[in-house]
>>> print(open('input.cif').read())   # mmCIF, N, CA and C atoms
data_work
loop_
_atom_site.label_atom_id
_atom_site.label_comp_id
_atom_site.auth_asym_id
_atom_site.auth_seq_id
_atom_site.Cartn_x
_atom_site.Cartn_y
_atom_site.Cartn_z
N MET S 1 18.02 -100.29 58.80
CA MET S 1 17.09 -100.93 57.88
C MET S 1 16.67 -99.87 56.87
N ASP S 2 17.07 -100.05 55.64
CA ASP S 2 16.77 -99.07 54.60
C ASP S 2 15.41 -99.30 53.95
N ILE S 3 14.85 -98.24 53.43
CA ILE S 3 13.59 -98.30 52.69
C ILE S 3 13.89 -98.85 51.30
N PRO S 4 13.04 -99.73 50.75
CA PRO S 4 13.28 -100.27 49.40
C PRO S 4 13.43 -99.16 48.36
N PHE S 5 14.18 -99.45 47.30
CA PHE S 5 14.52 -98.44 46.29
C PHE S 5 13.31 -97.84 45.58
N ASN S 6 12.19 -98.56 45.50
CA ASN S 6 11.02 -98.07 44.78
C ASN S 6 10.03 -97.35 45.68
N MET S 7 10.43 -97.05 46.91
CA MET S 7 9.55 -96.37 47.86
C MET S 7 10.25 -95.14 48.42
N THR S 8 9.46 -94.23 48.94
CA THR S 8 9.99 -93.04 49.58
C THR S 8 9.11 -92.71 50.79
N ALA S 9 9.69 -92.11 51.80
CA ALA S 9 8.92 -91.73 52.99
C ALA S 9 8.75 -90.22 52.99
N PRO S 10 7.51 -89.74 52.93
CA PRO S 10 7.28 -88.29 52.95
C PRO S 10 7.57 -87.70 54.33
N ARG S 11 7.78 -86.42 54.37
CA ARG S 11 7.96 -85.73 55.64
C ARG S 11 6.64 -85.73 56.40
N PRO S 12 6.69 -85.74 57.73
CA PRO S 12 5.43 -85.69 58.49
C PRO S 12 4.88 -84.27 58.53
N LYS S 13 3.56 -84.17 58.67
CA LYS S 13 2.96 -82.86 58.91
C LYS S 13 3.29 -82.48 60.34
N LEU S 14 3.83 -81.30 60.51
CA LEU S 14 4.23 -80.84 61.83
C LEU S 14 3.21 -79.87 62.39
N GLU S 15 3.11 -79.85 63.72
CA GLU S 15 2.23 -78.90 64.39
C GLU S 15 2.90 -77.52 64.37
N ASP S 16 2.14 -76.48 64.67
CA ASP S 16 2.69 -75.12 64.71
C ASP S 16 3.85 -75.04 65.70
N GLY S 17 4.98 -74.51 65.25
CA GLY S 17 6.14 -74.34 66.10
C GLY S 17 6.95 -75.60 66.34
N GLU S 18 6.55 -76.72 65.78
CA GLU S 18 7.26 -77.99 65.98
C GLU S 18 8.42 -78.08 64.98
N ALA S 19 9.54 -78.65 65.41
CA ALA S 19 10.72 -78.77 64.55
C ALA S 19 11.26 -80.19 64.58
N LEU S 20 11.75 -80.65 63.42
CA LEU S 20 12.38 -81.97 63.34
C LEU S 20 13.74 -81.93 64.00
N VAL S 21 14.07 -82.97 64.76
CA VAL S 21 15.36 -83.07 65.42
C VAL S 21 16.20 -84.16 64.76
N ALA S 22 15.58 -85.32 64.48
CA ALA S 22 16.32 -86.45 63.88
C ALA S 22 15.36 -87.30 63.06
N THR S 23 15.92 -88.01 62.07
CA THR S 23 15.15 -88.89 61.19
C THR S 23 15.95 -90.17 60.98
N ALA S 24 15.23 -91.31 61.00
CA ALA S 24 15.90 -92.60 60.76
C ALA S 24 14.97 -93.50 59.96
N PRO S 25 15.45 -94.02 58.80
CA PRO S 25 14.63 -94.98 58.06
C PRO S 25 14.59 -96.30 58.80
N GLY S 26 13.48 -97.01 58.68
CA GLY S 26 13.38 -98.28 59.38
C GLY S 26 12.15 -99.08 59.00
N LEU S 27 11.88 -100.08 59.82
CA LEU S 27 10.79 -101.01 59.59
C LEU S 27 10.01 -101.14 60.88
N ARG S 28 8.70 -100.93 60.81
CA ARG S 28 7.83 -101.14 61.96
C ARG S 28 7.43 -102.61 61.95
N LYS S 29 7.72 -103.32 63.02
CA LYS S 29 7.40 -104.74 63.14
C LYS S 29 6.04 -104.88 63.82
N LYS S 30 5.12 -105.60 63.15
CA LYS S 30 3.79 -105.79 63.72
C LYS S 30 3.23 -107.11 63.21
N GLY S 31 3.49 -108.19 63.88
CA GLY S 31 2.94 -109.48 63.48
C GLY S 31 3.57 -109.99 62.19
N ILE S 32 2.87 -110.89 61.52
CA ILE S 32 3.41 -111.49 60.29
C ILE S 32 3.24 -110.56 59.10
N PHE S 33 2.06 -109.99 58.93
CA PHE S 33 1.77 -109.18 57.74
C PHE S 33 1.68 -107.68 58.03
N GLY S 34 2.02 -107.26 59.22
CA GLY S 34 1.87 -105.86 59.59
C GLY S 34 3.11 -105.02 59.45
N ASN S 35 4.19 -105.58 58.91
CA ASN S 35 5.43 -104.82 58.78
C ASN S 35 5.25 -103.66 57.81
N ARG S 36 5.79 -102.50 58.14
CA ARG S 36 5.71 -101.33 57.28
C ARG S 36 7.05 -100.62 57.25
N TYR S 37 7.54 -100.34 56.05
CA TYR S 37 8.74 -99.51 55.90
C TYR S 37 8.33 -98.06 56.07
N GLY S 38 9.26 -97.26 56.55
CA GLY S 38 8.99 -95.84 56.70
C GLY S 38 10.13 -95.15 57.41
N GLU S 39 9.84 -93.97 57.95
CA GLU S 39 10.83 -93.21 58.69
C GLU S 39 10.31 -92.86 60.07
N LEU S 40 11.20 -92.96 61.02
CA LEU S 40 10.93 -92.56 62.39
C LEU S 40 11.48 -91.15 62.54
N HIS S 41 10.63 -90.21 62.92
CA HIS S 41 11.04 -88.81 63.05
C HIS S 41 10.93 -88.39 64.51
N LEU S 42 11.99 -87.82 65.03
CA LEU S 42 11.98 -87.26 66.37
C LEU S 42 11.85 -85.76 66.22
N THR S 43 10.81 -85.20 66.84
CA THR S 43 10.64 -83.75 66.84
C THR S 43 10.89 -83.26 68.26
N ASP S 44 10.74 -81.98 68.47
CA ASP S 44 10.93 -81.46 69.83
C ASP S 44 9.73 -81.79 70.74
N ARG S 45 8.64 -82.34 70.17
CA ARG S 45 7.45 -82.68 70.97
C ARG S 45 7.03 -84.14 70.89
N ARG S 46 7.31 -84.79 69.74
CA ARG S 46 6.78 -86.13 69.50
C ARG S 46 7.82 -87.03 68.83
N LEU S 47 7.53 -88.33 68.89
CA LEU S 47 8.24 -89.33 68.12
C LEU S 47 7.18 -89.89 67.17
N VAL S 48 7.37 -89.71 65.86
CA VAL S 48 6.34 -90.11 64.89
C VAL S 48 6.92 -91.08 63.86
N PHE S 49 6.07 -91.95 63.35
CA PHE S 49 6.44 -92.87 62.29
C PHE S 49 5.56 -92.59 61.08
N VAL S 50 6.19 -92.35 59.93
CA VAL S 50 5.48 -92.09 58.68
C VAL S 50 5.80 -93.25 57.75
N LYS S 51 4.75 -93.94 57.28
CA LYS S 51 5.01 -95.09 56.41
C LYS S 51 5.43 -94.64 55.01
N ALA S 52 6.24 -95.47 54.39
CA ALA S 52 6.75 -95.19 53.05
C ALA S 52 5.65 -95.43 52.02
N VAL S 53 5.71 -94.69 50.92
CA VAL S 53 4.77 -94.83 49.81
C VAL S 53 5.56 -95.10 48.53
N MET S 54 4.88 -95.61 47.52
CA MET S 54 5.55 -95.86 46.24
C MET S 54 5.99 -94.53 45.64
N LYS S 55 7.15 -94.52 45.01
CA LYS S 55 7.62 -93.31 44.34
C LYS S 55 6.67 -92.97 43.20
N GLY S 56 6.64 -91.73 42.83
CA GLY S 56 5.77 -91.31 41.73
C GLY S 56 4.50 -90.69 42.27
N LEU S 57 3.36 -91.28 41.94
CA LEU S 57 2.07 -90.70 42.32
C LEU S 57 1.91 -90.60 43.84
N GLY S 58 2.29 -91.66 44.55
CA GLY S 58 2.17 -91.64 46.01
C GLY S 58 2.98 -90.52 46.63
N ALA S 59 4.17 -90.29 46.09
CA ALA S 59 5.03 -89.23 46.61
C ALA S 59 4.44 -87.85 46.28
N ALA S 60 3.83 -87.72 45.10
CA ALA S 60 3.24 -86.44 44.71
C ALA S 60 2.03 -86.10 45.59
N LEU S 61 1.26 -87.10 45.98
CA LEU S 61 0.08 -86.86 46.80
C LEU S 61 0.42 -86.44 48.22
N THR S 62 1.62 -86.74 48.67
CA THR S 62 2.02 -86.38 50.03
C THR S 62 3.09 -85.29 50.04
N ALA S 63 3.14 -84.49 49.00
CA ALA S 63 4.19 -83.46 48.88
C ALA S 63 4.15 -82.45 50.03
N GLY S 64 2.96 -82.16 50.56
CA GLY S 64 2.85 -81.19 51.65
C GLY S 64 3.08 -81.80 53.02
N GLY S 65 3.41 -83.06 53.07
CA GLY S 65 3.60 -83.76 54.34
C GLY S 65 2.51 -84.78 54.54
N ALA S 66 2.81 -85.81 55.27
CA ALA S 66 1.87 -86.89 55.50
C ALA S 66 1.49 -86.98 56.97
N LYS S 67 0.27 -87.40 57.20
CA LYS S 67 -0.18 -87.64 58.57
C LYS S 67 0.60 -88.84 59.10
N PRO S 68 1.21 -88.73 60.27
CA PRO S 68 1.97 -89.86 60.81
C PRO S 68 1.08 -91.07 61.07
N MET S 69 1.62 -92.26 60.80
CA MET S 69 0.91 -93.50 61.09
C MET S 69 0.82 -93.71 62.60
N LEU S 70 1.89 -93.36 63.31
CA LEU S 70 1.95 -93.46 64.76
C LEU S 70 2.59 -92.19 65.30
N ALA S 71 2.11 -91.75 66.45
CA ALA S 71 2.70 -90.58 67.10
C ALA S 71 2.71 -90.81 68.60
N PHE S 72 3.85 -90.56 69.22
CA PHE S 72 4.00 -90.69 70.66
C PHE S 72 4.44 -89.35 71.23
N ASP S 73 3.75 -88.89 72.26
CA ASP S 73 4.13 -87.67 72.96
C ASP S 73 5.39 -87.95 73.77
N LEU S 74 6.41 -87.13 73.64
CA LEU S 74 7.67 -87.39 74.32
C LEU S 74 7.55 -87.42 75.84
N ALA S 75 6.56 -86.71 76.38
CA ALA S 75 6.41 -86.66 77.83
C ALA S 75 5.89 -87.97 78.41
N SER S 76 5.34 -88.84 77.56
CA SER S 76 4.69 -90.03 78.11
C SER S 76 5.19 -91.35 77.51
N ILE S 77 6.43 -91.38 77.00
CA ILE S 77 6.92 -92.63 76.41
C ILE S 77 8.13 -93.16 77.16
N ALA S 78 8.34 -94.46 76.98
CA ALA S 78 9.55 -95.13 77.44
C ALA S 78 10.11 -95.84 76.22
N ALA S 79 11.41 -95.77 76.02
CA ALA S 79 12.03 -96.40 74.85
C ALA S 79 13.27 -97.16 75.29
N GLU S 80 13.52 -98.28 74.62
CA GLU S 80 14.71 -99.07 74.94
C GLU S 80 15.24 -99.77 73.70
N LYS S 81 16.52 -100.11 73.76
CA LYS S 81 17.20 -100.84 72.69
C LYS S 81 17.15 -102.32 73.05
N VAL S 82 16.63 -103.14 72.12
CA VAL S 82 16.44 -104.57 72.37
C VAL S 82 17.10 -105.37 71.25
N PRO S 83 17.89 -106.41 71.56
CA PRO S 83 18.46 -107.24 70.49
C PRO S 83 17.38 -108.06 69.79
N LYS S 84 17.43 -108.10 68.47
CA LYS S 84 16.51 -108.89 67.64
C LYS S 84 17.35 -109.66 66.63
N LYS S 85 17.60 -110.93 66.91
CA LYS S 85 18.47 -111.76 66.07
C LYS S 85 19.81 -111.07 65.88
N LYS S 86 20.19 -110.71 64.65
CA LYS S 86 21.49 -110.05 64.43
C LYS S 86 21.36 -108.54 64.35
N GLN S 87 20.20 -108.00 64.74
CA GLN S 87 19.95 -106.56 64.66
C GLN S 87 19.53 -106.05 66.03
N PHE S 88 19.23 -104.76 66.08
CA PHE S 88 18.68 -104.17 67.29
C PHE S 88 17.38 -103.46 66.94
N ALA S 89 16.48 -103.44 67.90
CA ALA S 89 15.19 -102.80 67.70
C ALA S 89 14.99 -101.71 68.74
N LEU S 90 14.25 -100.68 68.35
CA LEU S 90 13.82 -99.65 69.27
C LEU S 90 12.40 -100.02 69.68
N VAL S 91 12.18 -100.28 70.96
CA VAL S 91 10.86 -100.61 71.47
C VAL S 91 10.34 -99.39 72.22
N VAL S 92 9.21 -98.86 71.75
CA VAL S 92 8.63 -97.64 72.31
C VAL S 92 7.30 -98.00 72.95
N THR S 93 7.11 -97.57 74.19
CA THR S 93 5.87 -97.81 74.92
C THR S 93 5.31 -96.46 75.35
N GLY S 94 4.03 -96.25 75.07
CA GLY S 94 3.38 -95.01 75.48
C GLY S 94 1.94 -94.99 75.05
N GLY S 95 1.09 -94.39 75.87
CA GLY S 95 -0.32 -94.28 75.54
C GLY S 95 -1.01 -95.63 75.43
N GLY S 96 -0.54 -96.62 76.19
CA GLY S 96 -1.16 -97.94 76.16
C GLY S 96 -0.75 -98.82 74.99
N ALA S 97 0.19 -98.36 74.19
CA ALA S 97 0.63 -99.14 73.02
C ALA S 97 2.13 -99.37 73.09
N THR S 98 2.56 -100.51 72.55
CA THR S 98 3.98 -100.82 72.43
C THR S 98 4.27 -101.11 70.97
N GLU S 99 5.26 -100.44 70.42
CA GLU S 99 5.64 -100.61 69.02
C GLU S 99 7.12 -100.94 68.92
N THR S 100 7.48 -101.74 67.91
CA THR S 100 8.86 -102.15 67.69
C THR S 100 9.31 -101.66 66.32
N PHE S 101 10.48 -101.03 66.27
CA PHE S 101 11.04 -100.51 65.03
C PHE S 101 12.45 -101.05 64.84
N LEU S 102 12.73 -101.64 63.69
CA LEU S 102 14.09 -102.05 63.34
C LEU S 102 14.73 -100.91 62.58
N ILE S 103 15.77 -100.33 63.15
CA ILE S 103 16.51 -99.26 62.48
C ILE S 103 18.00 -99.52 62.66
N ALA S 104 18.81 -98.84 61.89
CA ALA S 104 20.26 -99.00 61.98
C ALA S 104 20.72 -98.68 63.40
N GLU S 105 21.70 -99.44 63.88
CA GLU S 105 22.12 -99.31 65.27
C GLU S 105 22.61 -97.89 65.60
N LYS S 106 23.35 -97.26 64.71
CA LYS S 106 23.84 -95.90 64.99
C LYS S 106 22.67 -94.92 65.11
N SER S 107 21.70 -95.02 64.20
CA SER S 107 20.52 -94.15 64.27
C SER S 107 19.73 -94.42 65.55
N LEU S 108 19.62 -95.68 65.93
CA LEU S 108 18.90 -96.05 67.15
C LEU S 108 19.59 -95.41 68.36
N ASP S 109 20.91 -95.54 68.43
CA ASP S 109 21.64 -94.95 69.56
C ASP S 109 21.51 -93.43 69.59
N ASP S 110 21.55 -92.80 68.42
CA ASP S 110 21.40 -91.34 68.34
C ASP S 110 20.03 -90.89 68.85
N ILE S 111 18.98 -91.59 68.42
CA ILE S 111 17.62 -91.23 68.84
C ILE S 111 17.44 -91.46 70.34
N LEU S 112 17.93 -92.59 70.85
CA LEU S 112 17.83 -92.86 72.29
C LEU S 112 18.53 -91.79 73.12
N ALA S 113 19.67 -91.30 72.62
CA ALA S 113 20.41 -90.26 73.35
C ALA S 113 19.64 -88.95 73.40
N MET S 114 18.80 -88.69 72.40
CA MET S 114 18.04 -87.44 72.34
C MET S 114 16.70 -87.50 73.06
N LEU S 115 16.23 -88.70 73.36
CA LEU S 115 14.94 -88.82 74.06
C LEU S 115 15.09 -88.40 75.51
N PRO S 116 14.05 -87.76 76.08
CA PRO S 116 14.14 -87.37 77.48
C PRO S 116 14.18 -88.61 78.38
N ARG S 117 14.96 -88.53 79.43
CA ARG S 117 15.08 -89.65 80.39
C ARG S 117 13.88 -89.64 81.33
N ARG S 118 13.39 -90.83 81.62
CA ARG S 118 12.27 -90.96 82.55
C ARG S 118 12.79 -91.59 83.84
N GLY S 119 12.12 -91.22 84.93
CA GLY S 119 12.43 -91.86 86.20
C GLY S 119 13.34 -91.16 87.02
#
>>> encode(input="input.cif", output="structure tokens")
Amino acid sequence: MDIPFNMTAPRPKLEDGEALVATAPGLRKKGIFGNRYGELHLTDRRLVFVKAVMKGLGAALTAGGAKPMLAFDLASIAAEKVPKKKQFALVVTGGGATETFLIAEKSLDDILAMLPRRG
């Protein structure tokens, strides 16, 4: 699921010593009006979602990195690939919250392979 042409997703603000491992553009599904385009970033400590902003001024304001809209600690999450109509979704559960992200199937498989196994 690509980000619309008139939007861009800024890099997330990282904690000290944290490094990006993988990035995938996608759509956070949340009810009827809660959908948000952005990027899902896998770091060595967290799985974070940064929402997309309009190109231009919005991108300039987040040049130093943006605070993630959602952040999941890798030690406490469960993730799975779920079919959604003709697409696949990444469903992440952790910290009492469940979130659904529509991303390209190859990116989804790559991220799932890099997540630590639970159980």
>>> resolve_selection(input="input.cif", expression="the PyMOL selection byres (((chain S and resi 8 and name CA) around 9) and name CA)", output="list in words")
Ile3, Pro4, Phe5, Asn6, Met7, Ala9, Pro10, Gly38, Lys51, Ala52, Val53, Met54, Lys55, Gly58 and Ala59 of chain S
>>> write_last_selection(input="input.cif", atoms="N, CA and C atoms", output="compact mmCIF listing (two decimals), in the frame of the given file")
# COMPACT_ATOMS: atom_id res chain seq x y z
N ILE S 3 14.85 -98.24 53.43
CA ILE S 3 13.59 -98.30 52.69
C ILE S 3 13.89 -98.85 51.30
N PRO S 4 13.04 -99.73 50.75
CA PRO S 4 13.28 -100.27 49.40
C PRO S 4 13.43 -99.16 48.36
N PHE S 5 14.18 -99.45 47.30
CA PHE S 5 14.52 -98.44 46.29
C PHE S 5 13.31 -97.84 45.58
N ASN S 6 12.19 -98.56 45.50
CA ASN S 6 11.02 -98.07 44.78
C ASN S 6 10.03 -97.35 45.68
N MET S 7 10.43 -97.05 46.91
CA MET S 7 9.55 -96.37 47.86
C MET S 7 10.25 -95.14 48.42
N ALA S 9 9.69 -92.11 51.80
CA ALA S 9 8.92 -91.73 52.99
C ALA S 9 8.75 -90.22 52.99
N PRO S 10 7.51 -89.74 52.93
CA PRO S 10 7.28 -88.29 52.95
C PRO S 10 7.57 -87.70 54.33
N GLY S 38 9.26 -97.26 56.55
CA GLY S 38 8.99 -95.84 56.70
C GLY S 38 10.13 -95.15 57.41
N LYS S 51 4.75 -93.94 57.28
CA LYS S 51 5.01 -95.09 56.41
C LYS S 51 5.43 -94.64 55.01
N ALA S 52 6.24 -95.47 54.39
CA ALA S 52 6.75 -95.19 53.05
C ALA S 52 5.65 -95.43 52.02
N VAL S 53 5.71 -94.69 50.92
CA VAL S 53 4.77 -94.83 49.81
C VAL S 53 5.56 -95.10 48.53
N MET S 54 4.88 -95.61 47.52
CA MET S 54 5.55 -95.86 46.24
C MET S 54 5.99 -94.53 45.64
N LYS S 55 7.15 -94.52 45.01
CA LYS S 55 7.62 -93.31 44.34
C LYS S 55 6.67 -92.97 43.20
N GLY S 58 2.29 -91.66 44.55
CA GLY S 58 2.17 -91.64 46.01
C GLY S 58 2.98 -90.52 46.63
N ALA S 59 4.17 -90.29 46.09
CA ALA S 59 5.03 -89.23 46.61
C ALA S 59 4.44 -87.85 46.28
>>> resolve_selection(input="input.cif", expression="the PyMOL selection byres ((chain S and resi 75) around 8)", output="tab-separated table (two decimals) with N, CA and C atoms, in the frame of the given file")
chain	number	residue	atom	x	y	z
S	45	ARG	N	8.64	-82.34	70.17
S	45	ARG	CA	7.45	-82.68	70.97
S	45	ARG	C	7.03	-84.14	70.89
S	46	ARG	N	7.31	-84.79	69.74
S	46	ARG	CA	6.78	-86.13	69.50
S	46	ARG	C	7.82	-87.03	68.83
S	47	LEU	N	7.53	-88.33	68.89
S	47	LEU	CA	8.24	-89.33	68.12
S	47	LEU	C	7.18	-89.89	67.17
S	72	PHE	N	3.85	-90.56	69.22
S	72	PHE	CA	4.00	-90.69	70.66
S	72	PHE	C	4.44	-89.35	71.23
S	73	ASP	N	3.75	-88.89	72.26
S	73	ASP	CA	4.13	-87.67	72.96
S	73	ASP	C	5.39	-87.95	73.77
S	74	LEU	N	6.41	-87.13	73.64
S	74	LEU	CA	7.67	-87.39	74.32
S	74	LEU	C	7.55	-87.42	75.84
S	76	SER	N	5.34	-88.84	77.56
S	76	SER	CA	4.69	-90.03	78.11
S	76	SER	C	5.19	-91.35	77.51
S	77	ILE	N	6.43	-91.38	77.00
S	77	ILE	CA	6.92	-92.63	76.41
S	77	ILE	C	8.13	-93.16	77.16
S	78	ALA	N	8.34	-94.46	76.98
S	78	ALA	CA	9.55	-95.13	77.44
S	78	ALA	C	10.11	-95.84	76.22
S	116	PRO	N	14.05	-87.76	76.08
S	116	PRO	CA	14.14	-87.37	77.48
S	116	PRO	C	14.18	-88.61	78.38
>>> resolve_selection(input="input.cif", expression="the PyMOL selection byres (((chain S and resi 11 and name CA) around 8) and name CA)", output="list of chain:residue names")
S:Ala9, S:Pro10, S:Pro12, S:Lys13, S:Val50, S:Gly64, S:Gly65, S:Ala66
>>> select_by_dssp(input="input.cif", residues="chain S", states="strand (DSSP E or B)", output="ChimeraX atom specification")
/S:7-8,12,20-29,36-43,46-51,53-54,66,70-73,77-84,87-94,97-103
>>> atom_distance(input="input.cif", atom1="atom C of Tyr37 of chain S", atom2="atom CA of Leu108 of chain S")
15.4 Å
>>> residues_around(input="input.cif", residues="Leu112 of chain S", least_positions_apart="6", cutoff="12 Å", atoms="only C-alpha atoms", output="list in words")
Ala22, Ala24, Leu42, Leu47, Leu74, Ile77, Ala78, Ala79, Glu80, Lys81, Val82, Ala89, Leu90, Val91, Val92, Ile103, Glu105, Lys106 and Arg118 of chain S
>>> select_by_dssp(input="input.cif", residues="chain S", states="helix (DSSP H, G or I)", output="compact mmCIF listing (two decimals) with N, CA and C atoms, in the frame of the given file")
# COMPACT_ATOMS: atom_id res chain seq x y z
N LEU S 57 3.36 -91.28 41.94
CA LEU S 57 2.07 -90.70 42.32
C LEU S 57 1.91 -90.60 43.84
N GLY S 58 2.29 -91.66 44.55
CA GLY S 58 2.17 -91.64 46.01
C GLY S 58 2.98 -90.52 46.63
N ALA S 59 4.17 -90.29 46.09
CA ALA S 59 5.03 -89.23 46.61
C ALA S 59 4.44 -87.85 46.28
N ALA S 60 3.83 -87.72 45.10
CA ALA S 60 3.24 -86.44 44.71
C ALA S 60 2.03 -86.10 45.59
N LEU S 61 1.26 -87.10 45.98
CA LEU S 61 0.08 -86.86 46.80
C LEU S 61 0.42 -86.44 48.22
N LEU S 74 6.41 -87.13 73.64
CA LEU S 74 7.67 -87.39 74.32
C LEU S 74 7.55 -87.42 75.84
N ALA S 75 6.56 -86.71 76.38
CA ALA S 75 6.41 -86.66 77.83
C ALA S 75 5.89 -87.97 78.41
N SER S 76 5.34 -88.84 77.56
CA SER S 76 4.69 -90.03 78.11
C SER S 76 5.19 -91.35 77.51
N GLU S 105 21.70 -99.44 63.88
CA GLU S 105 22.12 -99.31 65.27
C GLU S 105 22.61 -97.89 65.60
N LYS S 106 23.35 -97.26 64.71
CA LYS S 106 23.84 -95.90 64.99
C LYS S 106 22.67 -94.92 65.11
N SER S 107 21.70 -95.02 64.20
CA SER S 107 20.52 -94.15 64.27
C SER S 107 19.73 -94.42 65.55
N LEU S 108 19.62 -95.68 65.93
CA LEU S 108 18.90 -96.05 67.15
C LEU S 108 19.59 -95.41 68.36
N ASP S 109 20.91 -95.54 68.43
CA ASP S 109 21.64 -94.95 69.56
C ASP S 109 21.51 -93.43 69.59
N ASP S 110 21.55 -92.80 68.42
CA ASP S 110 21.40 -91.34 68.34
C ASP S 110 20.03 -90.89 68.85
N ILE S 111 18.98 -91.59 68.42
CA ILE S 111 17.62 -91.23 68.84
C ILE S 111 17.44 -91.46 70.34
N LEU S 112 17.93 -92.59 70.85
CA LEU S 112 17.83 -92.86 72.29
C LEU S 112 18.53 -91.79 73.12
N ALA S 113 19.67 -91.30 72.62
CA ALA S 113 20.41 -90.26 73.35
C ALA S 113 19.64 -88.95 73.40
N MET S 114 18.80 -88.69 72.40
CA MET S 114 18.04 -87.44 72.34
C MET S 114 16.70 -87.50 73.06
>>> closest_atom_pairs(input="input.cif", of="segment 75-101 of chain S", to="segment 26-36 of chain S", cutoff="7 Å", atoms="all atoms listed in the file", output="tab-separated table")
residue	atom	partner	partner_atom	distance
S:Glu99	C	S:Lys29	N	6.4
S:Thr100	C	S:Lys29	N	4.0
S:Phe101	CA	S:Leu27	C	4.3
>>> write_last_selection(input="input.cif", atoms="N, CA and C atoms", output="PDB file, keeping the file's coordinate frame")
ATOM      1  N   GLU S  99       5.260-100.440  70.420  1.00  0.00           N
ATOM      2  CA  GLU S  99       5.640-100.610  69.020  1.00  0.00           C
ATOM      3  C   GLU S  99       7.120-100.940  68.920  1.00  0.00           C
ATOM      4  N   THR S 100       7.480-101.740  67.910  1.00  0.00           N
ATOM      5  CA  THR S 100       8.860-102.150  67.690  1.00  0.00           C
ATOM      6  C   THR S 100       9.310-101.660  66.320  1.00  0.00           C
ATOM      7  N   PHE S 101      10.480-101.030  66.270  1.00  0.00           N
ATOM      8  CA  PHE S 101      11.040-100.510  65.030  1.00  0.00           C
ATOM      9  C   PHE S 101      12.450-101.050  64.840  1.00  0.00           C
TER      10      PHE S 101
END
>>> atom_distance(input="input.cif", atom1="atom N of Gly95 of chain S", atom2="atom C of Ala71 of chain S")
8.3 Å
>>> axis_aligned_box(input="input.cif", around="segment 72-86 of chain S", padding_each_side="5 Å", output="lines of an AutoDock Vina configuration file")
center_x = 12.6
center_y = -99.2
center_z = 71.4
size_x = 27.7
size_y = 35.1
size_z = 24.1
>>> atom_distance(input="input.cif", atom1="atom CA of Ala113 of chain S", atom2="atom C of Ala19 of chain S")
16.2 Å
>>> residues_around(input="input.cif", residues="Glu18 of chain S", least_positions_apart="3", cutoff="7 Å", atoms="only C-alpha atoms", output="NGL selection string")
:S and (14-15 or 43-45)
>>> closest_residue(input="input.cif", among="S:Glu39, S:Pro25, S:Gly17, S:Lys84", to="Ala104 of chain S", atoms="only N, CA and C atoms")
S:Pro25
